[in-house]
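Reading through the structure tokens given below for one structure.
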Amino acid sequence: MRASVIQLDQLSVQDDFPAYVAIHSDRLSDNPCVLSPAVMQWSEQILICRVKDCEQFWMAQQQKFCCDLEQLFERVLIHHFGSRYIAVFANHPWQCLVYLTYQLHQQSQGIYFLQSPLNRNIFKSLGWEFWFAPQDDLIVHFESAAVKRFKAESFRARQAQFKRFIGRIGLAGPFALKQADHHAITRRFEGWLGKVWRWTFDSDSDLPGFPWIALDQPVKPAVRRDLEYPLNQWCYIEGLLREDLERLCEQFDRDDSEHINSMLWQITLFNYQVIDVELSFRHPYSLHREAPDFKTALYQAWYVYDDLMRKLQLRDRDLDLPESMPFVRWKIEVCERIHLPPMLWDLFGNDETEVNTRNLCDLQNKLSIPIESYRIQANFYPEQSFAAIPIGSVAECSYDDYQWSACSTYRPLFYYQQHSEIEAPTSRQRLFLERCTSQWWLQESPEQQIKDYFLLKDRQGRASWVYRDYDGKWFKQGEYW
Amino acid sequence: MASIPAQFADPSLSGQLVSARLLNPLASREDQLLRSGIESLDRHFAAIKPGDLIEWGIPPGLNGRLIPLQFLKHGIPASIWIYHHHGLGVFASSWISHGIDLQRLFFIRSAKPVKELRPLFLEDTFKRIIIDSPKNFSSGDLAFVSQQARKYQQIVFLIRHYFLSQKQGNPHASLRINTWQNDNDEFSLQVIKGPTTGKSHIPSGEVYAG
């Protein structure tokens, strides 16, 4: 039995999935896109990945392997970089970089989540040197991105002024001055330092002013096709696309760890209008493994084609143009790729559930509509008594869910996500079911959280699930279908 | 040396078969593909085999879906419930409270399943497919779905939002059945097409306790 230990250095259930990770390693150049296709090269040995883009995928993997995020990322990072790496996860890349600088100074190794209580407390106690150190590379990136109105000399002068200021007032680190908001810093030390100040404390993952320079993948495999004659029938387009995907496959090494997140299909219409459409995959997709049929990619292309044709017909219905605008050429380019170690996509990853997760993910990639999967949650409040989870995740709880599920026996199978107010029913129409309340101790007015649930029957005998709130208003929340 | 049980003393082969069934009367029920654990319900489904399509008549508001749900409780293979009820989402904890294994039952929202979910019918990822009140479902769609079900040995539940009648038949369905919860705290079944037709009732307690 696993010991129940409070892990202060790990994420808790309430913590958000981290948005970014800064990785330090000597072997970065081998394989930069290991956790996400959205990557920025910060320095020769430091890489920033936007992992938020692949949150659903990593959460599914985490639940599939029944491990925590640290264990999952550790396996992947060791596979790619060996054991000599430092990875700092946080909601903002600047916070990753500041904490990474500290860990480099400490000569540490491994994974650090800045949302965890221990790392957060260390982060709050960091000295100014760790805050100023990454600013040298920041200046380089501001300049290489040709950011408007940025001047390195002026920035350095403001840095020196800031250093004199903190020396005079004798504060140990940025968090000692936290009460000064970024507007105050901007007024005194100009906007650039104000931005850096904001990045240090903000929990948002958006990047106001951060010089994000996406790392171009060294080779973007692409194929072009100039058609012999204009085409608008899917049956002909499909055959040619299949040939093109085969050619695309030949452009990169046959490597099973290579997965595609999205492809660009650039279509030139008969009137020489160029339209860019994206073939995107909910789960990383291996082109090689589907050769020579490429069913998944062709389904995605079909959805795009169908949608495009409808839009074009709607747009051109009053014009003297062909009813279905034909294509004269196209280009397919692989935009986003990710390297996944074999352990993440192996055939035997999910034996205990008897549901083949890979088949499910493959099918999901072929569908335009998401497959839904749910698990129970330890909560008596109806809307919070379950949660949607990625397909292939482990839906079973680590606790005995009987008491939580049993209270839903007389609730309906389907419910309205938007509750509509109804007229107060007569006492003959309704049958009391239960009284529910949410976490009233967290609310300012706990009594407002109380809801009385009833089964309501109309004249035709059709049953609905309704509730009366504390103010006596009635709402319909579900149907007994 | 092991002795032959007395029941097998009958020398004729058919007699031995009868004797064997008498020895273990539950054996055939154990092999039944669709089992709910409710005796009076299971006997209507004794002859269901892979590739069959079962049509259900369940008007909304009558809680009749709890009956097909009974067949998704016990060790089901990967299954999918296709629904599109306007503005309604899946209330998952209620399904779990009825004993449904949501590791094996998935959901997808579609009003036109054959058009929108074609890849789903072209492979055998799901061995049970429940099509709940499709908006557009032509006879061509019905023929396609039942053909694919036979090809991949799937079982398809087609739930209609109205009561079925013999006036409008369905040659693709091996069983057609109406279900609803009545005011007497019972669930009513009306088999329109099947080995035995007619009406029967199941106490609500059996459905909720199952």
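Within each chain, counting starts at residue 1; across the structure tokens, chains are named A, B, ... in the order shown, with ligands numbered 1 upward in that order.
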Restrict the calculation to only C-alpha atoms, then for each residue of chain A with any atom at most 9 Å from an atom of chain B give the closest atom pair and their distance in Å to one decimal, rows by chain and rising residue number, as a tab-separated table.
```
residue	atom	partner	partner_atom	distance
A:Tyr299	CA	B:Pro119	CA	8.2
A:Thr353	CA	B:Gln103	CA	7.2
A:Glu354	CA	B:Pro77	CA	7.8
A:Val355	CA	B:Ala78	CA	5.9
A:Asn356	CA	B:Thr125	CA	8.0
A:Asn359	CA	B:Thr125	CA	6.5
A:Leu360	CA	B:Thr125	CA	6.8
A:Leu363	CA	B:Leu120	CA	7.0
A:Gln364	CA	B:Leu120	CA	8.9
A:Lys366	CA	B:Pro119	CA	6.5
A:Leu367	CA	B:Leu117	CA	6.3
A:Ser368	CA	B:Glu116	CA	7.5
A:Ile369	CA	B:Ile108	CA	7.3
A:Pro370	CA	B:Ile108	CA	6.6
A:Ile371	CA	B:Ile108	CA	4.9
A:Glu372	CA	B:Phe107	CA	4.8
A:Ser373	CA	B:Phe106	CA	5.3
A:Tyr374	CA	B:Ala92	CA	6.3
A:Arg375	CA	B:Leu102	CA	6.9
A:Ile376	CA	B:Ser93	CA	5.8
A:Gln377	CA	B:Ser93	CA	8.2
A:Pro382	CA	B:Ser93	CA	8.1
A:Glu383	CA	B:Phe91	CA	8.1
A:Ser385	CA	B:Ser93	CA	6.1
A:Phe386	CA	B:Ser93	CA	5.6
A:Ala387	CA	B:Ala92	CA	7.9
A:Ala388	CA	B:Ala92	CA	8.7
A:Ile391	CA	B:Phe106	CA	8.2
A:Gly392	CA	B:Gln103	CA	8.0
A:Ser393	CA	B:Gln103	CA	8.1
A:Val394	CA	B:Gln103	CA	7.0
A:Ala395	CA	B:Gln103	CA	5.5
A:Glu396	CA	B:Gln103	CA	7.4
A:Tyr402	CA	B:Ser97	CA	7.9
A:Trp404	CA	B:Ser93	CA	8.1
A:Ser405	CA	B:Ser97	CA	4.6
A:Ala406	CA	B:Ser97	CA	5.2
A:Cys407	CA	B:Ser97	CA	7.5
A:Ser408	CA	B:Ser94	CA	4.8
A:Thr409	CA	B:Ser97	CA	5.2
A:Tyr410	CA	B:Ser94	CA	7.5
A:Arg411	CA	B:Ser94	CA	5.9
A:Pro412	CA	B:Ser94	CA	6.4
A:Leu413	CA	B:Phe91	CA	5.2
A:Phe414	CA	B:Val90	CA	4.7
A:Tyr415	CA	B:Leu88	CA	5.1
A:Tyr416	CA	B:Leu88	CA	4.5
A:Gln417	CA	B:Leu88	CA	6.5
A:Gln418	CA	B:Gly87	CA	7.6
A:Lys457	CA	B:Gly61	CA	8.6
A:Gly461	CA	B:Leu62	CA	7.3
A:Arg462	CA	B:Gly61	CA	4.1
A:Ala463	CA	B:Gly61	CA	4.8
A:Ser464	CA	B:Gly61	CA	6.7
A:Gly478	CA	B:Leu88	CA	7.5
A:Glu479	CA	B:Gly61	CA	6.1
A:Tyr480	CA	B:Asn63	CA	4.8
A:Trp481	CA	B:Pro60	CA	4.5
```
Per DSSP on the backbone, filter region 19-238 of chain A down to the residues in strand (DSSP E or B) and report them as a ChimeraX atom specification.
-> /A:20-25,39-41,46-50,85-90,110-113,214,222-231
With C-alpha atoms retained, could you export that selection as a PDB file, in the first residue's frame?
```pdb
ATOM      1  CA  TYR A  20       5.483  26.560 -19.267  1.00  0.00           C
ATOM      2  CA  VAL A  21       8.653  24.678 -18.496  1.00  0.00           C
ATOM      3  CA  ALA A  22      12.236  25.885 -18.726  1.00  0.00           C
ATOM      4  CA  ILE A  23      14.679  23.027 -19.305  1.00  0.00           C
ATOM      5  CA  HIS A  24      18.417  23.221 -18.836  1.00  0.00           C
ATOM      6  CA  SER A  25      20.506  20.458 -20.433  1.00  0.00           C
ATOM      7  CA  VAL A  39       9.305  25.825 -28.041  1.00  0.00           C
ATOM      8  CA  MET A  40      11.610  28.826 -27.598  1.00  0.00           C
ATOM      9  CA  GLN A  41      15.381  28.574 -27.438  1.00  0.00           C
ATOM     10  CA  ILE A  46      18.021  26.557 -21.892  1.00  0.00           C
ATOM     11  CA  LEU A  47      14.773  25.852 -23.670  1.00  0.00           C
ATOM     12  CA  ILE A  48      11.263  27.060 -22.834  1.00  0.00           C
ATOM     13  CA  CYS A  49       8.308  24.836 -23.818  1.00  0.00           C
ATOM     14  CA  ARG A  50       4.661  25.880 -23.722  1.00  0.00           C
ATOM     15  CA  TYR A  85      18.870  18.202 -16.607  1.00  0.00           C
ATOM     16  CA  ILE A  86      16.865  20.753 -14.629  1.00  0.00           C
ATOM     17  CA  ALA A  87      13.240  21.417 -15.525  1.00  0.00           C
ATOM     18  CA  VAL A  88      11.215  24.159 -13.838  1.00  0.00           C
ATOM     19  CA  PHE A  89       7.465  24.226 -14.445  1.00  0.00           C
ATOM     20  CA  ALA A  90       5.482  27.404 -13.762  1.00  0.00           C
ATOM     21  CA  GLY A 110      15.512  17.138 -11.662  1.00  0.00           C
ATOM     22  CA  ILE A 111      12.041  18.593 -11.856  1.00  0.00           C
ATOM     23  CA  TYR A 112      10.601  21.536  -9.905  1.00  0.00           C
ATOM     24  CA  PHE A 113       6.993  22.692  -9.924  1.00  0.00           C
ATOM     25  CA  ALA A 214       9.073  30.271 -31.453  1.00  0.00           C
ATOM     26  CA  ALA A 222       6.078  19.783 -47.182  1.00  0.00           C
ATOM     27  CA  VAL A 223       4.731  18.580 -50.520  1.00  0.00           C
ATOM     28  CA  ARG A 224       3.249  20.593 -53.357  1.00  0.00           C
ATOM     29  CA  ARG A 225       0.909  19.494 -56.103  1.00  0.00           C
ATOM     30  CA  ASP A 226       0.024  21.417 -59.235  1.00  0.00           C
ATOM     31  CA  LEU A 227      -3.060  19.767 -60.651  1.00  0.00           C
ATOM     32  CA  GLU A 228      -3.304  18.842 -64.332  1.00  0.00           C
ATOM     33  CA  TYR A 229      -6.926  20.007 -64.356  1.00  0.00           C
ATOM     34  CA  PRO A 230      -9.186  21.734 -61.794  1.00  0.00           C
ATOM     35  CA  LEU A 231     -10.675  19.366 -59.246  1.00  0.00           C
TER      36      LEU A 231
END
```
With only C-alpha atoms as the atoms that count, which of A:Phe189, A:Phe201, A:Trp440, A:Trp212 lies nearest to Phe142 (chain A)?
->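 Of the candidates, the smallest distance to Phe142 (chain A) is held by A:Trp212.
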Got a sec to tell me which of region 2-209 of chain B DSSP assigns to helix (DSSP H, G or I), as a PyMOL selection string?
-> chain B and resi 6-9+13-23+27-31+39-45+66-72+92-97+113-116+118-121+139-152+204-209
Extract, using only C-alpha atoms, all DNA, RNA and protein residues at most 10 Å from Arg149 (chain A), discarding same-chain residues fewer than 3 positions from it, and format them as a list of chain:residue names.
->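 After dropping sequence-adjacent residues, the list is A:Ala146, A:Ala152, A:Trp192.
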Contacts of Phe157 (chain B) at 9 Å (only C-alpha atoms; same-chain gap of 4+ positions) as a PDB file with C-alpha atoms, in the first residue's frame:
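The resulting file, result20.pdb, is reproduced below:
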```
ATOM      1  CA  ASP B  52     -28.120  -7.770 -33.829  1.00  0.00           C
ATOM      2  CA  LEU B  53     -29.898  -4.445 -33.749  1.00  0.00           C
ATOM      3  CA  ILE B  54     -32.438  -3.796 -30.999  1.00  0.00           C
ATOM      4  CA  GLU B  55     -34.920  -0.984 -31.416  1.00  0.00           C
ATOM      5  CA  TRP B  56     -36.296   0.674 -28.291  1.00  0.00           C
ATOM      6  CA  PRO B  68     -31.450  -0.509 -21.746  1.00  0.00           C
ATOM      7  CA  ARG B 128     -21.929  -1.924 -28.159  1.00  0.00           C
ATOM      8  CA  ILE B 129     -23.275   1.173 -29.871  1.00  0.00           C
ATOM      9  CA  ILE B 130     -26.287   2.971 -28.461  1.00  0.00           C
ATOM     10  CA  ILE B 131     -27.847   5.486 -30.824  1.00  0.00           C
ATOM     11  CA  ASP B 132     -30.133   7.599 -28.675  1.00  0.00           C
TER      12      ASP B 132
END
```
Spatial neighbours of Glu74 (chain A), 12 Å, only C-alpha atoms, chain gap at least 2 places, as a list in words |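 After dropping sequence-adjacent residues, the list is Ile23, Val34, Leu35, Gln62, Cys67, Asp68, Leu69, Glu70, Gln71, Leu72, Val76, Leu77, Ile78, His79, His80, Phe81, Gly82, Ser83, Arg84, Tyr85, Ile86, Ala87, Val88, Gln109, Gly110, Ile111, Tyr112 and Pro341 of chain A.
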Selection above as a file: N, CA and C atoms, as a PDB file, in the first residue's frame:
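In the end it all went to again-v5.pdb:
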```
ATOM      1  N   ILE A  23      13.828  24.224 -19.462  1.00  0.00           N
ATOM      2  CA  ILE A  23      14.679  23.027 -19.305  1.00  0.00           C
ATOM      3  C   ILE A  23      16.127  23.424 -19.552  1.00  0.00           C
ATOM      4  N   VAL A  34      10.196  18.006 -27.056  1.00  0.00           N
ATOM      5  CA  VAL A  34       9.940  16.761 -26.324  1.00  0.00           C
ATOM      6  C   VAL A  34       8.661  16.821 -25.507  1.00  0.00           C
ATOM      7  N   LEU A  35       8.287  17.998 -25.039  1.00  0.00           N
ATOM      8  CA  LEU A  35       7.073  18.106 -24.227  1.00  0.00           C
ATOM      9  C   LEU A  35       5.979  18.880 -24.936  1.00  0.00           C
ATOM     10  N   GLN A  62      -0.829  10.869 -17.857  1.00  0.00           N
ATOM     11  CA  GLN A  62      -0.621  10.759 -16.416  1.00  0.00           C
ATOM     12  C   GLN A  62      -1.610   9.762 -15.815  1.00  0.00           C
ATOM     13  N   CYS A  67       0.327   7.739 -12.462  1.00  0.00           N
ATOM     14  CA  CYS A  67       1.465   8.330 -11.752  1.00  0.00           C
ATOM     15  C   CYS A  67       1.217   9.827 -11.635  1.00  0.00           C
ATOM     16  N   ASP A  68       2.086  10.514 -10.892  1.00  0.00           N
ATOM     17  CA  ASP A  68       1.912  11.964 -10.853  1.00  0.00           C
ATOM     18  C   ASP A  68       2.695  12.595 -12.003  1.00  0.00           C
ATOM     19  N   LEU A  69       2.461  13.898 -12.191  1.00  0.00           N
ATOM     20  CA  LEU A  69       3.080  14.576 -13.341  1.00  0.00           C
ATOM     21  C   LEU A  69       4.594  14.532 -13.274  1.00  0.00           C
ATOM     22  N   GLU A  70       5.142  14.610 -12.041  1.00  0.00           N
ATOM     23  CA  GLU A  70       6.593  14.604 -11.907  1.00  0.00           C
ATOM     24  C   GLU A  70       7.168  13.283 -12.422  1.00  0.00           C
ATOM     25  N   GLN A  71       6.533  12.177 -12.031  1.00  0.00           N
ATOM     26  CA  GLN A  71       7.039  10.869 -12.470  1.00  0.00           C
ATOM     27  C   GLN A  71       6.945  10.731 -13.994  1.00  0.00           C
ATOM     28  N   LEU A  72       5.835  11.239 -14.553  1.00  0.00           N
ATOM     29  CA  LEU A  72       5.645  11.129 -16.000  1.00  0.00           C
ATOM     30  C   LEU A  72       6.695  11.946 -16.747  1.00  0.00           C
ATOM     31  N   VAL A  76      10.055  10.983 -19.372  1.00  0.00           N
ATOM     32  CA  VAL A  76      10.225  11.537 -20.717  1.00  0.00           C
ATOM     33  C   VAL A  76      11.544  12.300 -20.808  1.00  0.00           C
ATOM     34  N   LEU A  77      11.826  13.107 -19.796  1.00  0.00           N
ATOM     35  CA  LEU A  77      13.034  13.935 -19.852  1.00  0.00           C
ATOM     36  C   LEU A  77      14.298  13.086 -19.736  1.00  0.00           C
ATOM     37  N   ILE A  78      14.256  12.064 -18.907  1.00  0.00           N
ATOM     38  CA  ILE A  78      15.429  11.172 -18.804  1.00  0.00           C
ATOM     39  C   ILE A  78      15.642  10.455 -20.136  1.00  0.00           C
ATOM     40  N   HIS A  79      14.533  10.069 -20.777  1.00  0.00           N
ATOM     41  CA  HIS A  79      14.641   9.396 -22.075  1.00  0.00           C
ATOM     42  C   HIS A  79      15.375  10.291 -23.084  1.00  0.00           C
ATOM     43  N   HIS A  80      15.083  11.584 -23.051  1.00  0.00           N
ATOM     44  CA  HIS A  80      15.657  12.480 -24.057  1.00  0.00           C
ATOM     45  C   HIS A  80      16.990  13.105 -23.625  1.00  0.00           C
ATOM     46  N   PHE A  81      17.120  13.468 -22.357  1.00  0.00           N
ATOM     47  CA  PHE A  81      18.294  14.247 -21.939  1.00  0.00           C
ATOM     48  C   PHE A  81      19.204  13.512 -20.961  1.00  0.00           C
ATOM     49  N   GLY A  82      18.869  12.274 -20.606  1.00  0.00           N
ATOM     50  CA  GLY A  82      19.653  11.601 -19.575  1.00  0.00           C
ATOM     51  C   GLY A  82      19.301  12.192 -18.218  1.00  0.00           C
ATOM     52  N   SER A  83      20.128  11.921 -17.207  1.00  0.00           N
ATOM     53  CA  SER A  83      19.756  12.364 -15.863  1.00  0.00           C
ATOM     54  C   SER A  83      20.241  13.782 -15.548  1.00  0.00           C
ATOM     55  N   ARG A  84      21.090  14.349 -16.421  1.00  0.00           N
ATOM     56  CA  ARG A  84      21.641  15.679 -16.126  1.00  0.00           C
ATOM     57  C   ARG A  84      20.793  16.769 -16.786  1.00  0.00           C
ATOM     58  N   TYR A  85      19.730  17.119 -16.110  1.00  0.00           N
ATOM     59  CA  TYR A  85      18.870  18.202 -16.607  1.00  0.00           C
ATOM     60  C   TYR A  85      18.189  18.859 -15.408  1.00  0.00           C
ATOM     61  N   ILE A  86      17.728  20.084 -15.620  1.00  0.00           N
ATOM     62  CA  ILE A  86      16.865  20.753 -14.629  1.00  0.00           C
ATOM     63  C   ILE A  86      15.638  21.234 -15.403  1.00  0.00           C
ATOM     64  N   ALA A  87      14.474  20.959 -14.879  1.00  0.00           N
ATOM     65  CA  ALA A  87      13.240  21.417 -15.525  1.00  0.00           C
ATOM     66  C   ALA A  87      12.391  22.127 -14.477  1.00  0.00           C
ATOM     67  N   VAL A  88      12.048  23.383 -14.766  1.00  0.00           N
ATOM     68  CA  VAL A  88      11.215  24.159 -13.838  1.00  0.00           C
ATOM     69  C   VAL A  88       9.884  24.462 -14.521  1.00  0.00           C
ATOM     70  N   GLN A 109      19.498  19.064  -9.732  1.00  0.00           N
ATOM     71  CA  GLN A 109      19.012  18.362 -10.935  1.00  0.00           C
ATOM     72  C   GLN A 109      17.578  17.940 -10.705  1.00  0.00           C
ATOM     73  N   GLY A 110      16.864  17.676 -11.793  1.00  0.00           N
ATOM     74  CA  GLY A 110      15.512  17.138 -11.662  1.00  0.00           C
ATOM     75  C   GLY A 110      14.424  18.138 -11.998  1.00  0.00           C
ATOM     76  N   ILE A 111      13.237  17.836 -11.480  1.00  0.00           N
ATOM     77  CA  ILE A 111      12.041  18.593 -11.856  1.00  0.00           C
ATOM     78  C   ILE A 111      11.553  19.424 -10.678  1.00  0.00           C
ATOM     79  N   TYR A 112      11.133  20.652 -10.950  1.00  0.00           N
ATOM     80  CA  TYR A 112      10.601  21.536  -9.905  1.00  0.00           C
ATOM     81  C   TYR A 112       9.306  22.174 -10.400  1.00  0.00           C
ATOM     82  N   PRO A 341       8.464   9.425 -26.498  1.00  0.00           N
ATOM     83  CA  PRO A 341       9.190   8.164 -26.305  1.00  0.00           C
ATOM     84  C   PRO A 341       8.243   6.969 -26.427  1.00  0.00           C
TER      85      PRO A 341
END
```
Atomic separation - CA of Val196 (chain A) relative to CA of Phe155 (chain A), Å | 11.4 Å
Quick one, how far is CA of Glu44 (chain A) from CA of Ala133 (chain A)?
-> 15.3 Å
